[in-house]
Amino acid sequence: MKTEAYPPWVVLHIPHDSVFIPEDVRSSFLLPDLELEAELRRMTDHFTQALFAGRRGSAAVIRAPVSRLVVDVERFADDAGEPMAARGMGVLYEVTSHLTPLRDRAPPAEREALLNAWYHPHHDALEAAVAAAVDGYGQCLVIDCHSFPCIALPYERAHPATARPDICIGADDFHTSEALAEAFVTAFSQDGRTVRVNDPFSGAIVPRSRYRRDPRVAAVMVEVNRGLYLNEVDASPLPCFDEAAAWIQRCCQSALRSP
Ligand SMILES: [Zn+2]
């Protein structure tokens with residue numbers, strides 16, 4: 001199914017789609033291979049690039065090239081400012097999604113090397129893409145593209161029996177206007193889908209230099225329930241994957257067209 005191109009001022013941020021773990025980082029993990037594979041199945045936002053950007057790559061896409069288990073680019077680099085750090089899941093995870101040990105706390109030099117290799121270049125690329133949109137078009141919208149398991153993982157501290165929506169829209173007080181959030185909710189509510197705002201996940205990413213400073217930079221997070229497109233047992237795409245991807249892209253386009 002054909003999908004339109006995103007407007008040139010849209011940047012798709014895809015932080016959790018990669019399963020790549022470099023060899024030298026692998027050795028710092030405490031899990032045997034099978035357990036690490038299971039953890040990757042649980043924690044990766046599988047195929048989110050294909051879901052949101054499609055195969056034609058029409059939008060500016062900023063995708064983290066390594067797994068979030070290596071470095072989570074969605075977190076603040078400084079543990080003091082990152083609420084998840086207290087849970088052992090700051091920018092460098094020390095625990096798994098089941099809150100069991102993943103790796104020992106990295107010594108400062110190792111931490112710095114990992115951030116220099118994977119975190120800072122990613123954020124520099126996001127800064128540059130947003131700057132290009134603002135300079136060229138006077139505005140930018142960052143769509144922060146995620147997915148979540150249909151049953152909550154222990155680290156989320158949500159009751160696993162709690163029903164989850166099909167789509168979660170994440171909004172930021174400064175960068176997500178009510179109209180923008182509403183446009184995404186309306187678009188994704190078509191076809192009887194359930195949509196919630198900031199539940200089970202909240203917020204949306206904005207480059208550091210613009211954060212709570214530049215109103216020309218808007219942001220919205222779209223979190224897709226993996227049950228819509230993924231076999232969560234083996235992380236393979238469901239037969240309806242292409243339809244799900246086309247639907248997600250259509251909904252984003254439709255939200256962007258609303259006044
Ligand atoms: Zn994610």
# chains A, B, ... in the order shown; residues from 1 in each chain; ligands from 1

call {"tool": "residues_near_ligand", "arguments": {"ligand": "ligand 1", "cutoff": "9 Å", "atoms": "only C-alpha atoms and all ligand atoms", "output": "MDAnalysis selection string"}}
result
chainID A and resid 14:17 43:45 48 68 74 144:148 223

call {"tool": "select_by_dssp", "arguments": {"residues": "range 76-130 of chain A", "states": "helix (DSSP H, G or I)", "output": "PyMOL selection string"}}
result
chain A and resi 79-81+83-87+108-130

call {"tool": "residues_around", "arguments": {"residues": "range 105-108 of chain A", "least_positions_apart": "2", "cutoff": "9 Å", "atoms": "only C-alpha atoms", "output": "PyMOL selection string"}}
result
chain A and resi 28+92-94+103+110-113

call {"tool": "write_last_selection", "arguments": {"atoms": "C-alpha atoms", "output": "mmCIF file, in the first residue's frame"}}
result
data_model
loop_
_atom_site.group_PDB
_atom_site.id
_atom_site.type_symbol
_atom_site.label_atom_id
_atom_site.label_comp_id
_atom_site.auth_asym_id
_atom_site.auth_seq_id
_atom_site.Cartn_x
_atom_site.Cartn_y
_atom_site.Cartn_z
ATOM 1 C CA SER A 28 30.223 -6.581 30.017
ATOM 2 C CA LEU A 92 23.459 2.620 30.847
ATOM 3 C CA TYR A 93 21.169 -0.103 32.178
ATOM 4 C CA GLU A 94 22.472 -2.079 35.125
ATOM 5 C CA ARG A 103 25.899 -5.500 34.052
ATOM 6 C CA GLU A 110 34.053 3.187 30.207
ATOM 7 C CA ARG A 111 30.870 5.180 30.655
ATOM 8 C CA GLU A 112 32.392 8.142 28.859
ATOM 9 C CA ALA A 113 33.646 5.946 26.014
#

call {"tool": "closest_residue", "arguments": {"among": "A:Leu180, A:Ala5, A:Val233, A:Ala204", "to": "Leu256 in chain A", "atoms": "only C-alpha atoms"}}
result
A:Leu180

call {"tool": "closest_residue", "arguments": {"among": "A:Arg42, A:Val71, A:Cys252, A:His175", "to": "Gln139 in chain A", "atoms": "only C-alpha atoms"}}
result
A:His175

call {"tool": "residues_around", "arguments": {"residues": "Leu99 in chain A", "least_positions_apart": "4", "cutoff": "9 Å", "atoms": "only C-alpha atoms", "output": "list of chain:residue names"}}
result
A:Arg87, A:Gly88, A:Glu94, A:Val95, A:Pro154, A:Tyr155

call {"tool": "write_last_selection", "arguments": {"atoms": "N, CA, C and O atoms", "output": "mmCIF file, in the first residue's frame"}}
result
data_model
loop_
_atom_site.group_PDB
_atom_site.id
_atom_site.type_symbol
_atom_site.label_atom_id
_atom_site.label_comp_id
_atom_site.auth_asym_id
_atom_site.auth_seq_id
_atom_site.Cartn_x
_atom_site.Cartn_y
_atom_site.Cartn_z
ATOM 1 N N ARG A 87 16.299 3.403 39.306
ATOM 2 C CA ARG A 87 15.847 2.021 39.141
ATOM 3 C C ARG A 87 16.934 1.168 38.478
ATOM 4 O O ARG A 87 16.675 0.037 38.079
ATOM 5 N N GLY A 88 18.120 1.751 38.293
ATOM 6 C CA GLY A 88 19.197 1.023 37.617
ATOM 7 C C GLY A 88 19.023 1.025 36.111
ATOM 8 O O GLY A 88 19.637 0.229 35.405
ATOM 9 N N GLU A 94 21.769 -1.115 34.269
ATOM 10 C CA GLU A 94 22.472 -2.079 35.125
ATOM 11 C C GLU A 94 21.580 -3.266 35.456
ATOM 12 O O GLU A 94 22.040 -4.276 35.991
ATOM 13 N N VAL A 95 20.299 -3.137 35.179
ATOM 14 C CA VAL A 95 19.368 -4.240 35.428
ATOM 15 C C VAL A 95 18.551 -4.523 34.174
ATOM 16 O O VAL A 95 18.448 -3.698 33.269
ATOM 17 N N PRO A 154 8.173 -6.148 34.345
ATOM 18 C CA PRO A 154 8.315 -5.804 35.764
ATOM 19 C C PRO A 154 8.927 -4.424 36.031
ATOM 20 O O PRO A 154 8.517 -3.737 36.952
ATOM 21 N N TYR A 155 9.881 -3.990 35.186
ATOM 22 C CA TYR A 155 10.535 -2.694 35.468
ATOM 23 C C TYR A 155 9.563 -1.520 35.375
ATOM 24 O O TYR A 155 9.790 -0.464 35.949
#

call {"tool": "residues_around", "arguments": {"residues": "Pro149 in chain A", "least_positions_apart": "6", "cutoff": "8 Å", "atoms": "only C-alpha atoms", "output": "number ranges by chain"}}
result
A: 42, 225-227, 232

call {"tool": "residues_around", "arguments": {"residues": "Ile167 in chain A", "least_positions_apart": "3", "cutoff": "10 Å", "atoms": "only C-alpha atoms", "output": "VMD selection string"}}
result
chain A and resid 146 to 148 164 170 184 to 185 188 to 189 193 to 197 199 to 200 222 to 226 228 248

call {"tool": "write_last_selection", "arguments": {"atoms": "N, CA and C atoms", "output": "PDB file, in the first residue's frame"}}
result
ATOM      1  N   HIS A 146       7.981   4.636  19.086  1.00  0.00           N
ATOM      2  CA  HIS A 146       8.236   3.519  20.006  1.00  0.00           C
ATOM      3  C   HIS A 146       7.182   2.434  19.854  1.00  0.00           C
ATOM      4  N   SER A 147       7.444   1.302  20.550  1.00  0.00           N
ATOM      5  CA  SER A 147       6.390   0.306  20.744  1.00  0.00           C
ATOM      6  C   SER A 147       6.532  -0.236  22.158  1.00  0.00           C
ATOM      7  N   PHE A 148       5.491  -0.916  22.613  1.00  0.00           N
ATOM      8  CA  PHE A 148       5.538  -1.461  23.981  1.00  0.00           C
ATOM      9  C   PHE A 148       4.886  -2.831  24.005  1.00  0.00           C
ATOM     10  N   ARG A 164      -3.918  -2.571  28.370  1.00  0.00           N
ATOM     11  CA  ARG A 164      -3.141  -1.500  27.759  1.00  0.00           C
ATOM     12  C   ARG A 164      -3.803  -1.063  26.463  1.00  0.00           C
ATOM     13  N   GLY A 170       2.409  10.223  23.683  1.00  0.00           N
ATOM     14  CA  GLY A 170       3.158  10.918  24.728  1.00  0.00           C
ATOM     15  C   GLY A 170       3.226  12.395  24.419  1.00  0.00           C
ATOM     16  N   PHE A 184      -3.331  13.737  17.022  1.00  0.00           N
ATOM     17  CA  PHE A 184      -2.802  12.364  16.993  1.00  0.00           C
ATOM     18  C   PHE A 184      -3.790  11.390  17.628  1.00  0.00           C
ATOM     19  N   VAL A 185      -4.439  11.813  18.706  1.00  0.00           N
ATOM     20  CA  VAL A 185      -5.428  10.928  19.341  1.00  0.00           C
ATOM     21  C   VAL A 185      -6.570  10.648  18.367  1.00  0.00           C
ATOM     22  N   PHE A 188      -5.455   8.325  15.436  1.00  0.00           N
ATOM     23  CA  PHE A 188      -5.229   6.926  15.801  1.00  0.00           C
ATOM     24  C   PHE A 188      -6.471   6.249  16.380  1.00  0.00           C
ATOM     25  N   SER A 189      -7.487   7.040  16.741  1.00  0.00           N
ATOM     26  CA  SER A 189      -8.716   6.445  17.289  1.00  0.00           C
ATOM     27  C   SER A 189      -9.615   5.854  16.211  1.00  0.00           C
ATOM     28  N   ARG A 193      -9.691   1.752  17.441  1.00  0.00           N
ATOM     29  CA  ARG A 193      -8.482   1.542  18.245  1.00  0.00           C
ATOM     30  C   ARG A 193      -8.560   2.331  19.546  1.00  0.00           C
ATOM     31  N   THR A 194      -7.982   1.771  20.609  1.00  0.00           N
ATOM     32  CA  THR A 194      -7.957   2.495  21.885  1.00  0.00           C
ATOM     33  C   THR A 194      -6.664   3.311  21.975  1.00  0.00           C
ATOM     34  N   VAL A 195      -6.817   4.550  22.387  1.00  0.00           N
ATOM     35  CA  VAL A 195      -5.688   5.478  22.457  1.00  0.00           C
ATOM     36  C   VAL A 195      -5.710   6.168  23.809  1.00  0.00           C
ATOM     37  N   ARG A 196      -4.554   6.235  24.450  1.00  0.00           N
ATOM     38  CA  ARG A 196      -4.458   7.000  25.701  1.00  0.00           C
ATOM     39  C   ARG A 196      -3.296   7.984  25.609  1.00  0.00           C
ATOM     40  N   VAL A 197      -3.390   9.053  26.377  1.00  0.00           N
ATOM     41  CA  VAL A 197      -2.331  10.059  26.390  1.00  0.00           C
ATOM     42  C   VAL A 197      -1.494   9.885  27.657  1.00  0.00           C
ATOM     43  N   ASP A 199      -0.031   7.415  28.895  1.00  0.00           N
ATOM     44  CA  ASP A 199      -0.326   6.185  29.640  1.00  0.00           C
ATOM     45  C   ASP A 199      -0.287   5.010  28.653  1.00  0.00           C
ATOM     46  N   PRO A 200       0.594   4.057  28.834  1.00  0.00           N
ATOM     47  CA  PRO A 200       1.477   3.811  29.992  1.00  0.00           C
ATOM     48  C   PRO A 200       2.813   4.560  29.974  1.00  0.00           C
ATOM     49  N   VAL A 222       4.704   8.558  19.790  1.00  0.00           N
ATOM     50  CA  VAL A 222       3.699   7.563  19.414  1.00  0.00           C
ATOM     51  C   VAL A 222       4.239   6.203  19.826  1.00  0.00           C
ATOM     52  N   GLU A 223       3.527   5.535  20.723  1.00  0.00           N
ATOM     53  CA  GLU A 223       3.921   4.202  21.195  1.00  0.00           C
ATOM     54  C   GLU A 223       2.870   3.219  20.704  1.00  0.00           C
ATOM     55  N   VAL A 224       3.323   2.214  19.970  1.00  0.00           N
ATOM     56  CA  VAL A 224       2.395   1.239  19.384  1.00  0.00           C
ATOM     57  C   VAL A 224       2.433  -0.047  20.213  1.00  0.00           C
ATOM     58  N   ASN A 225       1.282  -0.543  20.581  1.00  0.00           N
ATOM     59  CA  ASN A 225       1.195  -1.842  21.265  1.00  0.00           C
ATOM     60  C   ASN A 225       1.710  -2.924  20.298  1.00  0.00           C
ATOM     61  N   ARG A 226       2.721  -3.671  20.742  1.00  0.00           N
ATOM     62  CA  ARG A 226       3.335  -4.665  19.844  1.00  0.00           C
ATOM     63  C   ARG A 226       2.352  -5.740  19.406  1.00  0.00           C
ATOM     64  N   LEU A 228      -0.199  -5.354  17.954  1.00  0.00           N
ATOM     65  CA  LEU A 228      -0.784  -4.976  16.660  1.00  0.00           C
ATOM     66  C   LEU A 228       0.056  -5.462  15.476  1.00  0.00           C
ATOM     67  N   ILE A 248      -0.305   2.995  10.504  1.00  0.00           N
ATOM     68  CA  ILE A 248       0.403   3.923  11.396  1.00  0.00           C
ATOM     69  C   ILE A 248       0.866   5.158  10.614  1.00  0.00           C
TER      70      ILE A 248
END

call {"tool": "select_by_dssp", "arguments": {"residues": "range 103-183 of chain A", "states": "strand (DSSP E or B)", "output": "number ranges by chain"}}
result
A: 103, 140-148, 167-170

call {"tool": "write_last_selection", "arguments": {"atoms": "C-alpha atoms", "output": "PDB file, in the first residue's frame"}}
result
ATOM      1  CA  ARG A 103      25.899  -5.500  34.052  1.00  0.00           C
ATOM      2  CA  CYS A 140       9.970  21.188  13.295  1.00  0.00           C
ATOM      3  CA  LEU A 141       7.955  18.286  14.629  1.00  0.00           C
ATOM      4  CA  VAL A 142       9.818  15.397  16.213  1.00  0.00           C
ATOM      5  CA  ILE A 143       7.765  12.205  16.182  1.00  0.00           C
ATOM      6  CA  ASP A 144       9.285   9.944  18.831  1.00  0.00           C
ATOM      7  CA  CYS A 145       8.574   6.422  17.556  1.00  0.00           C
ATOM      8  CA  HIS A 146       8.236   3.519  20.006  1.00  0.00           C
ATOM      9  CA  SER A 147       6.390   0.306  20.744  1.00  0.00           C
ATOM     10  CA  PHE A 148       5.538  -1.461  23.981  1.00  0.00           C
ATOM     11  CA  ILE A 167      -1.679   3.318  21.001  1.00  0.00           C
ATOM     12  CA  CYS A 168      -0.165   5.619  23.601  1.00  0.00           C
ATOM     13  CA  ILE A 169       0.438   9.251  22.668  1.00  0.00           C
ATOM     14  CA  GLY A 170       3.158  10.918  24.728  1.00  0.00           C
TER      15      GLY A 170
END

call {"tool": "closest_residue", "arguments": {"among": "A:Pro215, A:Pro160, A:Gly90, A:Pro165", "to": "Asp78 in chain A", "atoms": "only C-alpha atoms"}}
result
A:Gly90

call {"tool": "closest_residue", "arguments": {"among": "A:Glu127, A:Asp172, A:Asp135, A:Asp234", "to": "Val11 in chain A", "atoms": "only C-alpha atoms"}}
result
A:Glu127

call {"tool": "atom_distance", "arguments": {"atom1": "CA of Arg212 in chain A", "atom2": "CA of Leu126 in chain A"}}
result
16.0 Å

call {"tool": "decode", "arguments": {"residues": "range 73-84 of chain A", "atoms": "all heavy atoms", "output": "PDB file, in the first residue's frame"}}
result
ATOM      1  N   VAL A  73      19.539   6.012  24.305  1.00  0.00           N
ATOM      2  CA  VAL A  73      19.621   7.412  23.870  1.00  0.00           C
ATOM      3  C   VAL A  73      18.391   8.222  24.284  1.00  0.00           C
ATOM      4  O   VAL A  73      18.392   9.444  24.198  1.00  0.00           O
ATOM      5  CB  VAL A  73      19.813   7.516  22.337  1.00  0.00           C
ATOM      6  CG1 VAL A  73      21.131   6.877  21.912  1.00  0.00           C
ATOM      7  CG2 VAL A  73      18.643   6.896  21.585  1.00  0.00           C
ATOM      8  N   GLU A  74      17.342   7.537  24.715  1.00  0.00           N
ATOM      9  CA  GLU A  74      16.127   8.249  25.126  1.00  0.00           C
ATOM     10  C   GLU A  74      16.258   8.806  26.551  1.00  0.00           C
ATOM     11  O   GLU A  74      15.459   9.619  26.976  1.00  0.00           O
ATOM     12  CB  GLU A  74      14.925   7.294  25.038  1.00  0.00           C
ATOM     13  CG  GLU A  74      13.551   7.951  25.195  1.00  0.00           C
ATOM     14  CD  GLU A  74      12.983   8.566  23.909  1.00  0.00           C
ATOM     15  OE1 GLU A  74      13.597   8.402  22.838  1.00  0.00           O
ATOM     16  OE2 GLU A  74      11.920   9.206  23.990  1.00  0.00           O
ATOM     17  N   ARG A  75      17.261   8.355  27.281  1.00  0.00           N
ATOM     18  CA  ARG A  75      17.456   8.825  28.654  1.00  0.00           C
ATOM     19  C   ARG A  75      18.348  10.062  28.681  1.00  0.00           C
ATOM     20  O   ARG A  75      19.113  10.290  27.752  1.00  0.00           O
ATOM     21  CB  ARG A  75      18.131   7.726  29.493  1.00  0.00           C
ATOM     22  CG  ARG A  75      17.449   6.387  29.462  1.00  0.00           C
ATOM     23  CD  ARG A  75      16.237   6.357  30.374  1.00  0.00           C
ATOM     24  NE  ARG A  75      15.885   4.986  30.709  1.00  0.00           N
ATOM     25  CZ  ARG A  75      14.759   4.375  30.353  1.00  0.00           C
ATOM     26  NH1 ARG A  75      13.859   5.010  29.626  1.00  0.00           N
ATOM     27  NH2 ARG A  75      14.521   3.129  30.739  1.00  0.00           N
ATOM     28  N   PHE A  76      18.276  10.809  29.783  1.00  0.00           N
ATOM     29  CA  PHE A  76      19.244  11.890  29.978  1.00  0.00           C
ATOM     30  C   PHE A  76      20.606  11.273  30.311  1.00  0.00           C
ATOM     31  O   PHE A  76      20.677  10.285  31.054  1.00  0.00           O
ATOM     32  CB  PHE A  76      18.791  12.821  31.104  1.00  0.00           C
ATOM     33  CG  PHE A  76      17.579  13.643  30.747  1.00  0.00           C
ATOM     34  CD1 PHE A  76      16.370  13.427  31.390  1.00  0.00           C
ATOM     35  CD2 PHE A  76      17.645  14.625  29.765  1.00  0.00           C
ATOM     36  CE1 PHE A  76      15.243  14.182  31.056  1.00  0.00           C
ATOM     37  CE2 PHE A  76      16.525  15.382  29.425  1.00  0.00           C
ATOM     38  CZ  PHE A  76      15.324  15.153  30.072  1.00  0.00           C
ATOM     39  N   ALA A  77      21.675  11.872  29.790  1.00  0.00           N
ATOM     40  CA  ALA A  77      23.020  11.309  29.983  1.00  0.00           C
ATOM     41  C   ALA A  77      23.455  11.396  31.442  1.00  0.00           C
ATOM     42  O   ALA A  77      24.218  10.555  31.921  1.00  0.00           O
ATOM     43  CB  ALA A  77      24.013  12.043  29.090  1.00  0.00           C
ATOM     44  N   ASP A  78      22.945  12.419  32.119  1.00  0.00           N
ATOM     45  CA  ASP A  78      23.343  12.639  33.508  1.00  0.00           C
ATOM     46  C   ASP A  78      22.350  11.914  34.436  1.00  0.00           C
ATOM     47  O   ASP A  78      21.164  12.225  34.435  1.00  0.00           O
ATOM     48  CB  ASP A  78      23.321  14.156  33.762  1.00  0.00           C
ATOM     49  CG  ASP A  78      23.707  14.491  35.186  1.00  0.00           C
ATOM     50  OD1 ASP A  78      24.106  13.559  35.926  1.00  0.00           O
ATOM     51  OD2 ASP A  78      23.603  15.672  35.552  1.00  0.00           O
ATOM     52  N   ASP A  79      22.868  10.965  35.205  1.00  0.00           N
ATOM     53  CA  ASP A  79      21.982  10.189  36.083  1.00  0.00           C
ATOM     54  C   ASP A  79      21.199  11.070  37.060  1.00  0.00           C
ATOM     55  O   ASP A  79      20.076  10.745  37.438  1.00  0.00           O
ATOM     56  CB  ASP A  79      22.795   9.157  36.892  1.00  0.00           C
ATOM     57  CG  ASP A  79      23.070   7.892  36.071  1.00  0.00           C
ATOM     58  OD1 ASP A  79      22.478   7.749  34.979  1.00  0.00           O
ATOM     59  OD2 ASP A  79      23.874   7.061  36.539  1.00  0.00           O
ATOM     60  N   ALA A  80      21.807  12.206  37.439  1.00  0.00           N
ATOM     61  CA  ALA A  80      21.141  13.085  38.409  1.00  0.00           C
ATOM     62  C   ALA A  80      19.826  13.634  37.842  1.00  0.00           C
ATOM     63  O   ALA A  80      18.879  13.893  38.583  1.00  0.00           O
ATOM     64  CB  ALA A  80      22.065  14.229  38.796  1.00  0.00           C
ATOM     65  N   GLY A  81      19.768  13.790  36.510  1.00  0.00           N
ATOM     66  CA  GLY A  81      18.553  14.336  35.897  1.00  0.00           C
ATOM     67  C   GLY A  81      17.654  13.261  35.300  1.00  0.00           C
ATOM     68  O   GLY A  81      16.637  13.580  34.682  1.00  0.00           O
ATOM     69  N   GLU A  82      18.016  11.998  35.443  1.00  0.00           N
ATOM     70  CA  GLU A  82      17.267  10.907  34.803  1.00  0.00           C
ATOM     71  C   GLU A  82      16.519  10.085  35.849  1.00  0.00           C
ATOM     72  O   GLU A  82      17.146   9.348  36.615  1.00  0.00           O
ATOM     73  CB  GLU A  82      18.252  10.021  34.009  1.00  0.00           C
ATOM     74  CG  GLU A  82      17.636   8.768  33.424  1.00  0.00           C
ATOM     75  CD  GLU A  82      16.355   9.019  32.649  1.00  0.00           C
ATOM     76  OE1 GLU A  82      16.408   9.724  31.636  1.00  0.00           O
ATOM     77  OE2 GLU A  82      15.289   8.521  33.081  1.00  0.00           O
ATOM     78  N   PRO A  83      15.205  10.221  35.892  1.00  0.00           N
ATOM     79  CA  PRO A  83      14.440   9.526  36.929  1.00  0.00           C
ATOM     80  C   PRO A  83      14.625   7.997  36.937  1.00  0.00           C
ATOM     81  O   PRO A  83      14.611   7.381  38.001  1.00  0.00           O
ATOM     82  CB  PRO A  83      12.978   9.869  36.611  1.00  0.00           C
ATOM     83  CG  PRO A  83      12.996  10.892  35.534  1.00  0.00           C
ATOM     84  CD  PRO A  83      14.385  11.024  35.003  1.00  0.00           C
ATOM     85  N   MET A  84      14.838   7.394  35.746  1.00  0.00           N
ATOM     86  CA  MET A  84      14.965   5.933  35.682  1.00  0.00           C
ATOM     87  C   MET A  84      16.310   5.439  36.232  1.00  0.00           C
ATOM     88  O   MET A  84      16.492   4.230  36.450  1.00  0.00           O
ATOM     89  CB  MET A  84      14.779   5.437  34.253  1.00  0.00           C
ATOM     90  CG  MET A  84      13.367   5.552  33.727  1.00  0.00           C
ATOM     91  SD  MET A  84      12.170   4.563  34.667  1.00  0.00           S
ATOM     92  CE  MET A  84      12.554   2.911  34.059  1.00  0.00           C
TER      93      MET A  84
END
